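Asks: Handing you this structure, nothing more for now.
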Amino acid sequence: MSVEEILFNINKEDQKVPIAVAKAIPQITSLVEAISDKMLAGGRLFYIGAGTSGRLGLVDASECPPTYGVPPGMVVGIIAGGRNAMFNAVEFAEDDLHQAWKDLREYDINVHDAVIGIAASGSTPYVIGGLRKCREEGIVTGSISCNFSAEISKEADFPVEVELGPEFVTGSTRMKSGTAQKLILNMISTAIMIQLGRVEDNKMVNMQLTNEKLIARGTKMLMEKIQMNSPEEAKDLLLKHGSVKKAMDMWMRDNHA
């Protein structure tokens with residue numbers, strides 16, 4: 001193939017992903033509802049995975065605090081082989097049936113929490129063993145795999161399965177499978193955070209103000225929310241209280257007392 005043909009065919013395969021994910025929405029709905037109930041009662045969400053699947057879980061977990069202003073420990077990503085595996089392949093880390101539970105125990109996981117195992121093949125021992133032990137301990141479990149009748153589905157209370165067919169590069173699950181997992185994780189964490197009241201309208205009113213771009217975005221949101229005409233006044237109010245949500249609540253309290 002020419003370079004253009006390679007790109008065309010990769011894109012052609014990628015277009016199958018959202019169609020497959022759409023078919024799994026009923027499964028994703030059940031998983032989100034179960035986890036939302038746990039988190040509304042004070043529980044946490046854990047992702048466990050190996051390789052690309054583990055990295056995607058880490059990415060999704062790491063984006064929740066800055067996007068929604070939740071504490072860093074509310075959504076936790078755990079990858080086989082530890083944090084070093086985020087950047088380097090750790091040989092045989094995914095083959096240990098018992099290690100995921102050991103990793104989860106470091107966070108004092110309990111029945112108030114929920115765990116989602118992520119594995120494109122659906123057969124990763126690290127994930128299977130972790131989910132199996134969680135179910136034995138009465139912890140709500142979900143799974144995300146890219147095969148029907150996957151092994152990890154048998155260990156999950158709320159399995160999510162998408163069927164994508166062969167990868168453009170055979171066995172390279174960072175491609176279609178990784179894209180599908182990323183889409184599903186986006187759906188899960190976003191829907192949960194909406195259920196937890198961390199979003200108003202479609203605005204990230206609890207985002208962390210970590211750079212000038214986000215401060216400017218927050219200032220604009222605040223001006224729209226409370227019909228404030230002065231950008232300087234809105235920015236001062238935002239920085240004083242640390243988030244759009246807190247600034248809006250305090251302004252409402254002071255002006256409608």
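In the structure tokens, chains take the letters A, B, ... in the order shown, each chain's residues start at 1, and ligands count up from 1 in the order shown.
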Compile the contact shell of A:Val169 as a ChimeraX atom specification: residues with an atom at most 10 Å away, counting only C-alpha atoms, same-chain residues fewer than 6 positions apart removed.
Replies: /A:10,175-176
Asks: Could the residues in this selection be written to a file with N, CA and C atoms, as a short mmCIF file (atom, residue, chain, number, x, y, z; two decimals), in the first residue's frame?
Replies:
```
data_model
loop_
_atom_site.label_atom_id
_atom_site.label_comp_id
_atom_site.auth_asym_id
_atom_site.auth_seq_id
_atom_site.Cartn_x
_atom_site.Cartn_y
_atom_site.Cartn_z
N ILE A 10 -6.63 2.35 7.69
CA ILE A 10 -6.69 2.48 9.14
C ILE A 10 -7.96 3.21 9.54
N MET A 175 -4.98 -0.17 18.80
CA MET A 175 -5.67 0.47 17.69
C MET A 175 -7.18 0.47 17.91
N LYS A 176 -7.94 -0.37 17.22
CA LYS A 176 -9.39 -0.34 17.38
C LYS A 176 -9.82 -0.66 18.81
#
```
Asks: Residues at most 6 Å from stretch 92-94 of chain A, counting only C-alpha atoms, excluding those fewer than 5 positions away in the same chain, as a JSON list (two decimals) with C-alpha atoms, in the first residue's frame?
Replies:
```
[["chain", "number", "residue", "atom", "x", "y", "z"],
["A", 50, "ALA", "CA", -2.38, -4.47, 31.84],
["A", 80, "ALA", "CA", -0.03, -4.53, 36.10],
["A", 81, "GLY", "CA", 3.64, -3.96, 36.80],
["A", 126, "TYR", "CA", -4.07, -10.13, 36.17]]
```
Asks: How close does stretch 25-84 of chain A get to stretch 182-185 of chain A? List, as a Markdown table, each residue of stretch 25-84 of chain A within 9 Å, its nearest atom pair and the distance in Å to one decimal, counting only C-alpha atoms.
Replies:
```
| residue | atom | partner | partner_atom | distance |
| --- | --- | --- | --- | --- |
| A:Ile25 | CA | A:Ile184 | CA | 9.0 |
| A:Ile28 | CA | A:Ile184 | CA | 7.7 |
| A:Ser53 | CA | A:Lys182 | CA | 8.9 |
| A:Leu56 | CA | A:Lys182 | CA | 6.5 |
| A:Gly57 | CA | A:Leu185 | CA | 7.6 |
| A:Asp60 | CA | A:Leu185 | CA | 6.7 |
```
Asks: Write a file of the selected residues as a compact mmCIF listing (two decimals), in the first residue's frame, keeping C-alpha atoms.
Replies:
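Saved the output as result39.txt:
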```txt
# COMPACT_ATOMS: atom_id res chain seq x y z
CA ILE A 25 -24.80 1.09 25.48
CA ILE A 28 -22.66 0.40 29.81
CA SER A 53 -5.74 -1.33 28.76
CA LEU A 56 -6.08 3.87 29.38
CA GLY A 57 -7.48 3.30 32.87
CA ASP A 60 -9.10 8.27 32.59
```
Asks: Name all residues at most 9 Å from A:Leu97 (count only C-alpha atoms; drop same-chain ones fewer than 5 positions away) and give them as a list in words.
Replies: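 What passes the distance filter is Thr124, Pro125, Tyr126, Val127, Ile128, Gly129 and Gly130 of chain A.
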Asks: Find the nearest atom pair between each residue of stretch 61-154 of chain A and stretch 193-203 of chain A for residues within 10 Å, count only C-alpha atoms, give distances in Å to one decimal, sort rows by chain and ascending number, and present the table as a tab-separated table.
Replies:
```
residue	atom	partner	partner_atom	distance
A:Cys64	CA	A:Met193	CA	8.5
A:Thr67	CA	A:Arg198	CA	9.1
A:Tyr68	CA	A:Arg198	CA	5.7
A:Gly69	CA	A:Arg198	CA	7.6
A:Val70	CA	A:Arg198	CA	8.1
```
Asks: For the structure I just gave you, how does DSSP split stretch 140-224 of chain A - specifically, which residues are strand (DSSP E or B)? Reply as an MDAnalysis selection string.
Replies: chainID A and resid 140:145 158:161 200 203
Asks: Please indicate the distance in Å from atom CA of A:Asn186 to atom CA of A:Glu13, rounded to one decimal place.
Replies: 20.3 Å
Asks: List the neighbours of A:Lys38 out to 12 Å using only C-alpha atoms; skip same-chain residues closer than 2 positions along the sequence, and give me the result as an mmCIF file with N, CA and C atoms, in the first residue's frame.
Replies:
```cif
data_model
loop_
_atom_site.group_PDB
_atom_site.id
_atom_site.type_symbol
_atom_site.label_atom_id
_atom_site.label_comp_id
_atom_site.auth_asym_id
_atom_site.auth_seq_id
_atom_site.Cartn_x
_atom_site.Cartn_y
_atom_site.Cartn_z
ATOM 1 N N LEU A 31 -23.782 -0.719 34.059
ATOM 2 C CA LEU A 31 -22.532 -0.536 34.802
ATOM 3 C C LEU A 31 -22.466 0.844 35.442
ATOM 4 N N VAL A 32 -22.796 1.877 34.680
ATOM 5 C CA VAL A 32 -22.759 3.247 35.197
ATOM 6 C C VAL A 32 -23.739 3.421 36.355
ATOM 7 N N GLU A 33 -24.934 2.885 36.220
ATOM 8 C CA GLU A 33 -25.931 3.023 37.276
ATOM 9 C C GLU A 33 -25.466 2.358 38.569
ATOM 10 N N ALA A 34 -24.849 1.184 38.445
ATOM 11 C CA ALA A 34 -24.374 0.469 39.633
ATOM 12 C C ALA A 34 -23.234 1.221 40.311
ATOM 13 N N ILE A 35 -22.312 1.747 39.527
ATOM 14 C CA ILE A 35 -21.174 2.458 40.101
ATOM 15 C C ILE A 35 -21.604 3.801 40.673
ATOM 16 N N SER A 36 -22.516 4.486 40.003
ATOM 17 C CA SER A 36 -23.010 5.767 40.507
ATOM 18 C C SER A 36 -23.623 5.596 41.894
ATOM 19 N N LEU A 40 -22.174 7.640 44.972
ATOM 20 C CA LEU A 40 -23.063 8.583 45.665
ATOM 21 C C LEU A 40 -23.097 8.293 47.162
ATOM 22 N N ALA A 41 -22.813 7.042 47.518
ATOM 23 C CA ALA A 41 -22.780 6.655 48.930
ATOM 24 C C ALA A 41 -21.377 6.781 49.527
ATOM 25 N N GLY A 42 -20.450 7.372 48.752
ATOM 26 C CA GLY A 42 -19.107 7.610 49.269
ATOM 27 C C GLY A 42 -18.042 6.646 48.813
ATOM 28 N N GLY A 43 -18.384 5.720 47.922
ATOM 29 C CA GLY A 43 -17.421 4.744 47.442
ATOM 30 C C GLY A 43 -16.498 5.306 46.368
ATOM 31 N N ARG A 44 -15.538 4.478 45.968
ATOM 32 C CA ARG A 44 -14.559 4.863 44.957
ATOM 33 C C ARG A 44 -14.653 3.937 43.747
ATOM 34 N N LEU A 45 -14.065 4.370 42.632
ATOM 35 C CA LEU A 45 -14.004 3.569 41.418
ATOM 36 C C LEU A 45 -12.554 3.222 41.126
ATOM 37 N N PHE A 46 -12.284 1.928 40.893
ATOM 38 C CA PHE A 46 -10.952 1.464 40.531
ATOM 39 C C PHE A 46 -10.983 0.859 39.135
ATOM 40 N N MET A 74 -10.610 9.377 44.365
ATOM 41 C CA MET A 74 -11.986 8.941 44.101
ATOM 42 C C MET A 74 -12.049 7.983 42.913
ATOM 43 N N ASN A 110 -12.856 -1.893 49.674
ATOM 44 C CA ASN A 110 -13.898 -2.522 50.484
ATOM 45 C C ASN A 110 -15.210 -2.568 49.712
ATOM 46 N N VAL A 111 -16.263 -3.062 50.367
ATOM 47 C CA VAL A 111 -17.541 -3.298 49.685
ATOM 48 C C VAL A 111 -18.247 -2.012 49.263
ATOM 49 N N HIS A 112 -17.765 -0.870 49.694
ATOM 50 C CA HIS A 112 -18.373 0.396 49.271
ATOM 51 C C HIS A 112 -17.854 0.835 47.893
ATOM 52 N N ASP A 113 -16.777 0.199 47.430
ATOM 53 C CA ASP A 113 -16.119 0.585 46.187
ATOM 54 C C ASP A 113 -16.595 -0.263 45.005
ATOM 55 N N ALA A 114 -16.111 0.085 43.815
ATOM 56 C CA ALA A 114 -16.414 -0.679 42.601
ATOM 57 C C ALA A 114 -15.137 -0.802 41.774
ATOM 58 N N VAL A 115 -15.026 -1.902 41.035
ATOM 59 C CA VAL A 115 -13.819 -2.174 40.240
ATOM 60 C C VAL A 115 -14.219 -2.536 38.816
ATOM 61 N N ILE A 139 -17.503 -7.058 46.359
ATOM 62 C CA ILE A 139 -17.269 -5.753 45.729
ATOM 63 C C ILE A 139 -17.866 -5.758 44.322
ATOM 64 N N VAL A 140 -18.603 -4.717 43.968
ATOM 65 C CA VAL A 140 -19.222 -4.622 42.644
ATOM 66 C C VAL A 140 -18.143 -4.576 41.560
ATOM 67 N N THR A 141 -18.333 -5.369 40.513
ATOM 68 C CA THR A 141 -17.339 -5.454 39.445
ATOM 69 C C THR A 141 -17.962 -5.214 38.075
ATOM 70 N N ILE A 192 -20.890 9.185 35.149
ATOM 71 C CA ILE A 192 -20.842 9.098 36.617
ATOM 72 C C ILE A 192 -20.692 10.484 37.223
ATOM 73 N N GLN A 195 -23.858 12.265 37.224
ATOM 74 C CA GLN A 195 -24.723 11.737 38.285
ATOM 75 C C GLN A 195 -24.311 12.259 39.662
ATOM 76 N N LEU A 196 -23.032 12.522 39.837
ATOM 77 C CA LEU A 196 -22.522 13.018 41.117
ATOM 78 C C LEU A 196 -22.670 14.532 41.256
#
```
